[in-house]
file input.csv (CSV, C-alpha atoms and all ligand atoms)
chain,number,residue,atom,x,y,z
A,1,MET,CA,0.0,0.0,0.0
A,2,LYS,CA,1.4,3.4,-0.9
A,3,LYS,CA,1.9,5.3,2.3
A,4,ASP,CA,0.8,8.7,1.2
A,5,LYS,CA,-2.3,7.6,-0.7
A,6,LEU,CA,-5.7,8.2,0.9
A,7,HIS,CA,-7.6,5.0,0.2
A,8,ILE,CA,-9.5,2.5,2.3
A,9,HIS,CA,-9.2,-1.0,1.0
A,10,TRP,CA,-12.1,-3.5,1.2
A,11,TYR,CA,-12.0,-7.2,0.9
A,12,PRO,CA,-15.1,-8.3,-1.1
A,13,GLY,CA,-14.8,-12.0,-0.1
A,14,HIS,CA,-14.8,-11.1,3.6
A,15,ILE,CA,-17.7,-8.7,3.1
A,16,ALA,CA,-19.8,-11.3,1.3
A,17,LYS,CA,-19.1,-13.9,4.0
A,18,ALA,CA,-19.9,-11.5,6.8
A,19,GLU,CA,-23.2,-10.5,5.1
A,20,ARG,CA,-24.2,-14.1,4.8
A,21,GLN,CA,-23.5,-14.8,8.5
A,22,LEU,CA,-25.4,-11.7,9.4
A,23,LYS,CA,-28.5,-12.7,7.4
A,24,GLU,CA,-28.5,-16.2,9.0
A,25,LYS,CA,-28.6,-14.6,12.4
A,26,LEU,CA,-31.3,-12.1,11.4
A,27,ASN,CA,-33.6,-15.0,10.6
A,28,LEU,CA,-33.7,-15.7,14.3
A,29,VAL,CA,-35.1,-12.4,15.5
A,30,ASP,CA,-38.3,-10.3,15.5
A,31,VAL,CA,-36.7,-6.9,16.0
A,32,ILE,CA,-33.3,-5.4,15.1
A,33,ILE,CA,-31.4,-2.9,17.2
A,34,GLU,CA,-29.0,-1.2,14.8
A,35,VAL,CA,-26.2,0.7,16.5
A,36,ARG,CA,-24.4,3.6,14.7
A,37,ASP,CA,-21.6,6.0,15.8
A,38,SER,CA,-23.1,9.4,16.6
A,39,ARG,CA,-20.1,11.1,15.1
A,40,ILE,CA,-21.0,9.6,11.7
A,41,PRO,CA,-24.7,8.8,11.7
A,42,LEU,CA,-24.8,8.1,8.0
A,43,SER,CA,-21.3,6.8,7.3
A,44,SER,CA,-21.6,4.1,10.0
A,45,SER,CA,-24.4,2.5,8.0
A,46,TYR,CA,-25.1,1.7,4.4
A,47,ALA,CA,-27.2,3.8,2.1
A,48,ASN,CA,-29.4,0.7,1.4
A,49,ILE,CA,-29.1,-0.9,4.8
A,50,GLU,CA,-32.8,-2.1,4.5
A,51,LYS,CA,-31.7,-4.4,1.7
A,52,LEU,CA,-29.2,-6.1,4.1
A,53,LEU,CA,-31.4,-6.1,7.2
A,54,GLY,CA,-34.7,-6.9,5.5
A,55,ASP,CA,-38.1,-5.4,6.5
A,56,LYS,CA,-38.0,-6.4,10.2
A,57,PRO,CA,-38.9,-3.7,12.7
A,58,ARG,CA,-35.7,-1.8,13.5
A,59,LEU,CA,-34.7,0.5,16.3
A,60,LEU,CA,-31.8,2.9,15.6
A,61,LEU,CA,-29.3,3.7,18.4
A,62,LEU,CA,-26.9,6.7,18.0
A,63,ASN,CA,-24.2,5.5,20.4
A,64,LYS,CA,-21.1,7.3,21.6
A,65,ALA,CA,-23.2,10.4,22.0
A,66,ASP,CA,-20.8,11.7,24.6
A,67,LEU,CA,-18.3,12.2,21.7
A,68,ALA,CA,-20.7,14.1,19.4
A,69,ASP,CA,-22.0,17.7,19.3
A,70,LYS,CA,-25.3,17.7,21.2
A,71,ASN,CA,-27.2,20.3,19.2
A,72,GLU,CA,-26.2,18.7,15.9
A,73,LEU,CA,-27.2,15.3,17.3
A,74,ASN,CA,-30.7,16.5,18.0
A,75,LYS,CA,-31.1,17.5,14.4
A,76,TRP,CA,-29.8,14.1,13.2
A,77,THR,CA,-32.2,12.3,15.5
A,78,GLU,CA,-35.1,14.1,13.9
A,79,TYR,CA,-33.7,13.6,10.4
A,80,LEU,CA,-33.2,9.8,10.9
A,81,ARG,CA,-36.6,9.4,12.5
A,82,ALA,CA,-38.2,11.1,9.5
A,83,THR,CA,-36.3,9.4,6.8
A,84,THR,CA,-36.1,5.8,8.1
A,85,GLY,CA,-39.4,5.7,10.0
A,86,CYS,CA,-37.5,3.9,12.8
A,87,PRO,CA,-37.5,5.1,16.4
A,88,VAL,CA,-34.1,6.6,17.3
A,89,VAL,CA,-32.5,6.6,20.7
A,90,VAL,CA,-29.3,8.4,21.6
A,91,THR,CA,-27.0,6.4,23.9
A,92,ASP,CA,-23.6,6.5,25.5
A,93,ALA,CA,-21.4,4.2,27.5
A,94,LYS,CA,-21.9,6.2,30.7
A,95,SER,CA,-25.7,6.5,30.9
A,96,ALA,CA,-27.9,3.5,31.7
A,97,LYS,CA,-31.3,5.3,31.7
A,98,ASP,CA,-31.5,5.4,27.9
A,99,LEU,CA,-31.5,1.6,27.8
A,100,ASN,CA,-34.9,1.3,29.6
A,101,GLN,CA,-36.2,3.2,26.6
A,102,VAL,CA,-34.4,0.8,24.2
A,103,VAL,CA,-36.0,-2.2,25.9
A,104,LYS,CA,-39.5,-0.6,25.9
A,105,LEU,CA,-39.3,0.3,22.2
A,106,ALA,CA,-37.9,-3.1,21.2
A,107,VAL,CA,-40.9,-4.7,22.9
A,108,GLU,CA,-43.3,-2.3,21.3
A,109,LEU,CA,-41.8,-2.8,17.8
A,110,SER,CA,-42.2,-6.6,18.0
A,111,GLU,CA,-45.7,-6.6,19.4
A,112,GLU,CA,-47.3,-6.9,15.9
A,113,LYS,CA,-45.3,-10.1,15.2
A,114,ILE,CA,-46.2,-11.6,18.5
A,115,GLN,CA,-49.8,-10.8,18.0
A,116,ALA,CA,-49.7,-12.5,14.6
A,117,LEU,CA,-48.3,-15.6,16.3
A,118,ILE,CA,-51.1,-15.5,18.9
A,119,ALA,CA,-53.7,-15.1,16.1
A,120,LYS,CA,-52.3,-18.4,14.6
A,121,GLY,CA,-53.1,-20.1,17.8
A,122,LEU,CA,-49.6,-20.1,19.3
A,123,LEU,CA,-48.9,-19.2,22.9
A,124,ARG,CA,-47.5,-15.8,23.7
A,125,ARG,CA,-43.7,-15.8,23.8
A,126,ALA,CA,-41.0,-13.2,24.5
A,127,ALA,CA,-39.9,-11.1,21.5
A,128,ARG,CA,-36.5,-11.9,20.1
A,129,ALA,CA,-34.0,-9.1,19.4
A,130,MET,CA,-30.4,-8.7,18.3
A,131,VAL,CA,-27.9,-5.9,18.2
A,132,VAL,CA,-26.3,-5.2,14.9
A,133,GLY,CA,-23.8,-2.6,13.7
A,134,MET,CA,-20.4,-1.9,12.1
A,135,PRO,CA,-17.2,-2.8,14.1
A,136,ASN,CA,-16.4,-0.6,17.1
A,137,VAL,CA,-19.7,1.3,17.2
A,138,GLY,CA,-20.3,-0.1,20.7
A,139,LYS,CA,-22.5,-3.2,20.1
A,140,SER,CA,-20.9,-5.3,22.8
A,141,SER,CA,-21.0,-2.5,25.3
A,142,ILE,CA,-24.7,-2.1,24.7
A,143,ILE,CA,-25.4,-5.8,25.0
A,144,ASN,CA,-23.4,-5.9,28.3
A,145,LYS,CA,-25.4,-3.0,29.7
A,146,LEU,CA,-28.7,-4.5,28.6
A,147,THR,CA,-27.9,-7.9,30.0
A,148,LYS,CA,-26.1,-6.7,33.2
A,149,SER,CA,-29.2,-6.7,35.4
A,150,SER,CA,-30.5,-9.9,33.9
A,151,LYS,CA,-28.0,-12.8,33.6
A,152,THR,CA,-30.8,-15.4,32.9
A,153,LYS,CA,-29.2,-17.4,30.1
A,154,ILE,CA,-32.0,-19.3,28.5
A,155,GLY,CA,-29.9,-21.3,26.2
A,156,ALA,CA,-30.6,-22.6,22.7
A,157,LYS,CA,-34.1,-22.5,21.3
A,158,ALA,CA,-35.6,-25.3,19.2
A,159,GLY,CA,-34.4,-25.0,15.7
A,160,VAL,CA,-31.7,-22.5,16.7
A,161,THR,CA,-28.1,-23.4,16.5
A,162,ARG,CA,-26.5,-24.2,19.8
A,163,GLN,CA,-23.9,-21.4,19.6
A,164,GLN,CA,-26.6,-18.8,19.8
A,165,GLN,CA,-27.2,-17.9,23.4
A,166,TRP,CA,-30.2,-15.9,24.5
A,167,VAL,CA,-30.6,-13.7,27.6
A,168,ARG,CA,-33.9,-12.9,29.1
A,169,ILE,CA,-34.0,-9.1,29.5
A,170,ASN,CA,-37.6,-9.2,30.9
A,171,PRO,CA,-40.6,-11.5,30.4
A,172,LYS,CA,-41.3,-9.8,27.1
A,173,LEU,CA,-37.8,-9.6,25.6
A,174,ASP,CA,-35.0,-12.1,24.8
A,175,LEU,CA,-31.7,-10.8,23.4
A,176,LEU,CA,-29.1,-12.7,21.4
A,177,ASP,CA,-25.9,-12.3,23.5
A,178,THR,CA,-23.6,-11.8,20.5
A,179,PRO,CA,-24.0,-9.0,18.1
A,180,GLY,CA,-24.5,-9.2,14.3
A,181,ILE,CA,-21.6,-7.5,12.5
A,182,ILE,CA,-22.4,-5.3,9.6
A,183,PRO,CA,-19.2,-5.5,7.6
A,184,THR,CA,-17.5,-2.2,7.1
A,185,ARG,CA,-17.9,-1.1,3.5
A,186,GLN,CA,-18.7,2.2,2.0
A,187,ASP,CA,-18.8,2.6,-1.8
A,188,ASN,CA,-18.1,6.3,-1.2
A,189,GLN,CA,-14.5,6.8,-0.2
A,190,GLN,CA,-15.3,10.1,1.5
A,191,GLN,CA,-17.6,8.1,3.9
A,192,ALA,CA,-15.1,5.2,4.1
A,193,VAL,CA,-12.4,7.5,5.4
A,194,LYS,CA,-14.8,8.6,8.2
A,195,LEU,CA,-15.0,5.0,9.3
A,196,ALA,CA,-11.3,5.0,9.6
A,197,PHE,CA,-11.5,8.1,11.8
A,198,VAL,CA,-13.6,6.3,14.3
A,199,SER,CA,-11.7,3.0,14.2
A,200,SER,CA,-14.4,1.1,12.4
A,201,VAL,CA,-12.1,-0.2,9.8
A,202,SER,CA,-9.1,-2.5,10.4
A,203,GLU,CA,-5.8,-0.6,10.6
A,204,ASN,CA,-4.5,-2.8,7.8
A,205,ALA,CA,-6.9,-1.2,5.4
A,206,TYR,CA,-5.4,2.2,5.4
A,207,SER,CA,-2.2,4.3,6.2
A,208,PRO,CA,-2.6,6.6,9.2
A,209,GLU,CA,-0.9,9.6,7.6
A,210,PRO,CA,-3.3,10.4,4.7
A,211,VAL,CA,-6.2,9.6,7.0
A,212,ALA,CA,-5.0,12.0,9.7
A,213,ARG,CA,-4.5,14.7,7.0
A,214,ALA,CA,-8.0,14.2,5.8
A,215,LEU,CA,-9.3,14.5,9.4
A,216,LEU,CA,-7.4,17.7,10.0
A,217,GLU,CA,-8.8,19.1,6.8
A,218,MET,CA,-12.3,18.3,8.0
A,219,LEU,CA,-11.6,20.0,11.4
A,220,LYS,CA,-10.0,23.1,9.8
A,221,GLY,CA,-11.0,26.2,11.6
A,222,LYS,CA,-12.4,24.4,14.6
A,223,ARG,CA,-11.4,26.4,17.6
A,224,SER,CA,-11.2,23.5,20.1
A,225,VAL,CA,-8.7,21.7,17.8
A,226,ILE,CA,-6.6,24.8,17.1
A,227,GLU,CA,-6.4,25.5,20.8
A,228,TYR,CA,-5.6,21.9,21.7
A,229,TYR,CA,-2.6,21.8,19.3
A,230,ASN,CA,-1.8,25.4,19.7
A,231,VAL,CA,-1.0,25.9,16.0
A,232,GLY,CA,-2.4,28.4,13.6
A,233,ASP,CA,-2.7,26.1,10.6
A,234,LEU,CA,-3.8,22.5,11.3
A,235,THR,CA,-1.2,20.4,9.5
A,236,LEU,CA,0.7,17.3,10.6
A,237,GLU,CA,4.0,19.2,10.1
A,238,ASN,CA,3.0,22.1,12.3
A,239,ILE,CA,1.7,19.8,15.1
A,240,ALA,CA,4.9,17.7,14.9
A,241,MET,CA,7.1,20.8,15.1
A,242,LYS,CA,5.1,22.1,18.1
A,243,ARG,CA,5.5,18.8,19.9
A,244,ASN,CA,9.1,18.6,18.9
A,245,TRP,CA,8.7,15.3,17.2
A,246,ILE,CA,11.5,15.8,14.8
A,247,LEU,CA,13.4,13.2,12.8
A,248,LYS,CA,17.0,13.3,11.6
A,249,GLY,CA,17.6,16.1,9.2
A,250,GLU,CA,15.1,18.4,11.0
A,251,GLN,CA,12.1,16.7,9.3
A,252,PRO,CA,8.8,16.6,11.2
A,253,ASP,CA,7.8,13.1,12.2
A,254,THR,CA,4.5,13.2,10.5
A,255,GLU,CA,3.9,9.4,10.8
A,256,ARG,CA,4.0,9.5,14.6
A,257,THR,CA,2.0,12.7,14.7
A,258,ALA,CA,-0.7,11.1,12.5
A,259,ILE,CA,-1.2,8.2,14.9
A,260,TYR,CA,-1.5,10.7,17.8
A,261,VAL,CA,-4.0,13.0,16.0
A,262,LEU,CA,-6.3,10.0,15.2
A,263,LYS,CA,-6.0,8.9,18.8
A,264,ASP,CA,-6.8,12.4,20.1
A,265,PHE,CA,-9.9,12.6,17.9
A,266,ARG,CA,-11.1,9.1,18.8
A,267,GLU,CA,-10.8,9.8,22.5
A,268,GLY,CA,-12.7,13.1,22.3
A,269,ARG,CA,-9.7,15.3,23.2
A,270,LEU,CA,-10.2,17.5,20.1
A,271,GLY,CA,-13.8,18.4,20.9
A,272,LEU,CA,-17.3,17.1,20.1
A,273,PHE,CA,-18.1,16.7,16.4
A,274,ILE,CA,-20.4,15.2,13.9
A,275,LEU,CA,-18.5,14.7,10.6
A,276,ASP,CA,-21.4,13.7,8.3
A,277,GLU,CA,-23.3,16.5,6.7
A,278,LEU,CA,-27.0,16.6,7.5
A,279,PRO,CA,-28.7,16.3,4.1
A,280,GLN,CA,-31.0,19.2,3.3
A,301,LIG,P1,-18.3,-3.3,19.1
A,301,LIG,O1,-18.9,-4.4,19.8
A,301,LIG,O2,-19.4,-2.6,18.2
A,301,LIG,O3,-17.1,-3.6,18.2
A,301,LIG,O4,-17.8,-2.1,20.1
A,301,LIG,P2,-17.5,-2.3,21.6
A,301,LIG,O5,-18.7,-2.4,22.5
A,301,LIG,O6,-16.4,-3.3,21.8
A,301,LIG,O7,-16.9,-0.8,21.9
A,301,LIG,C1,-15.7,-0.3,21.1
A,301,LIG,C2,-15.0,0.7,22.0
A,301,LIG,O8,-15.9,1.9,22.1
A,301,LIG,C3,-14.7,0.3,23.4
A,301,LIG,O9,-13.5,1.0,23.8
A,301,LIG,C4,-15.8,0.8,24.2
A,301,LIG,O10,-15.5,1.0,25.6
A,301,LIG,C5,-16.1,2.1,23.5
A,301,LIG,N1,-17.5,2.6,23.7
A,301,LIG,C6,-18.6,1.9,23.5
A,301,LIG,N2,-19.7,2.7,23.7
A,301,LIG,C7,-19.2,3.9,23.9
A,301,LIG,C8,-19.8,5.2,24.2
A,301,LIG,O11,-21.1,5.4,24.2
A,301,LIG,N3,-19.0,6.3,24.4
A,301,LIG,C9,-17.6,6.1,24.4
A,301,LIG,N4,-16.9,7.2,24.6
A,301,LIG,N5,-17.0,5.0,24.1
A,301,LIG,C10,-17.8,3.9,23.9
A,301,LIG,P3,-12.1,0.3,23.8
A,301,LIG,O12,-11.1,1.4,24.0
A,301,LIG,O13,-11.9,-0.6,22.6
A,301,LIG,O14,-12.1,-0.6,25.0
A,301,LIG,P4,-12.4,-0.3,26.5
A,301,LIG,O15,-12.2,1.2,26.6
A,301,LIG,O16,-13.8,-0.7,26.8
A,301,LIG,O17,-11.4,-1.1,27.2

call {"tool": "encode", "arguments": {"input": "input.csv", "output": "structure tokens", "more": "lines below"}}
Ligand code: G4P
result
Amino acid sequence: MKKDKLHIHWYPGHIAKAERQLKEKLNLVDVIIEVRDSRIPLSSSYANIEKLLGDKPRLLLLNKADLADKNELNKWTEYLRATTGCPVVVTDAKSAKDLNQVVKLAVELSEEKIQALIAKGLLRRAARAMVVGMPNVGKSSIINKLTKSSKTKIGAKAGVTRQQQWVRINPKLDLLDTPGIIPTRQDNQQQAVKLAFVSSVSENAYSPEPVARALLEMLKGKRSVIEYYNVGDLTLENIAMKRNWILKGEQPDTERTAIYVLKDFREGRLGLFILDELPQ
């Protein structure tokens, strides 16, 4: 891979396999809880996600809200509600109260399916849900929080492969204890690069330097970032010089700086941002 080239590589074979595995799991559930990263509410999903997930009721979670701009996030919540028709809940790793809302909505969304089963003469059963999303959006953290207060493992269900473990969240909701992984893929490279910003793509798929340069370009003029690095013009060279990260021959160590810039952004030290543009 050329070091200075901004490109995110995909592995079509892996994607196809992951999509197949996801579809198999989706067959087991009544309701889908799709997790996205609040900093990239569009880029952390596909444009035609419905094609992959099917027409099952879906609840959208905008997670890592603690790392996103609050005002912008309110606008995104409204936008996604209006355009997807799905309920949208904003969540973060620190708050637990939003998860009561998640459980309540998941139960409500699956009620139609449960009623249809009852109408066929079957006994009422708990709705079945699973958490899906791209890598690193916080799926496992959400499953852990949802299942923390209820460790009732109810094991394999008839017709369901043994590896799938269910946890009873409450009498009306069972949750698959492993997430469904939406493979990272974005046909649009501008969106793909944002997945690299938030660590949703494997580090083998890109070089840090061009990705960090693209991030700084996107954060150009943002006061919190300029103040954090204490440089007028946000370039890797300027940041490296300021930090005294200099190589032999007085060259700024842009490679080391790139890794730190990405880390600073990912850990929220540069401020709270949403990097997707809200469509008009
Ligand atoms: P995944 O299953 O979708 O791949 O994501 P996972 O839950 O493993 O979370 C990925 C990383 O994001 C973890 O950090 C996790 O702690 C962090 N995370 C999850 N939800 C939130 C959130 O709402 N806000 C913030 N700020 N971080 C969140 P890690 O550094 O990989 O591990 P660790 O810090 O948990 O050790």

call {"tool": "atom_distance", "arguments": {"input": "input.csv", "atom1": "atom CA of A:Glu250", "atom2": "atom CA of A:Ala196"}}
result
29.6 Å

call {"tool": "atom_distance", "arguments": {"input": "input.csv", "atom1": "atom CA of A:Lys222", "atom2": "atom CA of A:Ile259"}}
result
19.7 Å

call {"tool": "residues_near_point", "arguments": {"input": "input.csv", "point": "(-16.6, -8.8, 1.9)", "cutoff": "12 Å", "atoms": "all atoms listed in the file", "output": "list of chain:residue names"}}
result
A:His9, A:Trp10, A:Tyr11, A:Pro12, A:Gly13, A:His14, A:Ile15, A:Ala16, A:Lys17, A:Ala18, A:Glu19, A:Arg20, A:Gln21, A:Leu22, A:Ile181, A:Ile182, A:Pro183, A:Thr184, A:Arg185, A:Gln186

call {"tool": "residues_near_ligand", "arguments": {"input": "input.csv", "ligand": "ligand LIG 301 (chain A)", "cutoff": "10 Å", "atoms": "all atoms listed in the file", "output": "VMD selection string"}}
result
chain A and resid 35 to 38 62 to 68 90 to 95 131 to 145 178 to 182 198 to 200 266 to 268

call {"tool": "atom_distance", "arguments": {"input": "input.csv", "atom1": "atom CA of A:Glu34", "atom2": "atom CA of A:Lys263"}}
result
25.4 Å

call {"tool": "residues_near_point", "arguments": {"input": "input.csv", "point": "(2.0, 3.8, 10.1)", "cutoff": "9 Å", "atoms": "all atoms listed in the file", "output": "ChimeraX atom specification"}}
result
/A:3,203,206-209,255-256,258-259

call {"tool": "residues_around", "arguments": {"input": "input.csv", "residues": "A:Gly271", "least_positions_apart": "5", "cutoff": "12 Å", "atoms": "only C-alpha atoms", "output": "MDAnalysis selection string"}}
result
chainID A and resid 39 66:70 219 222:229 264:266
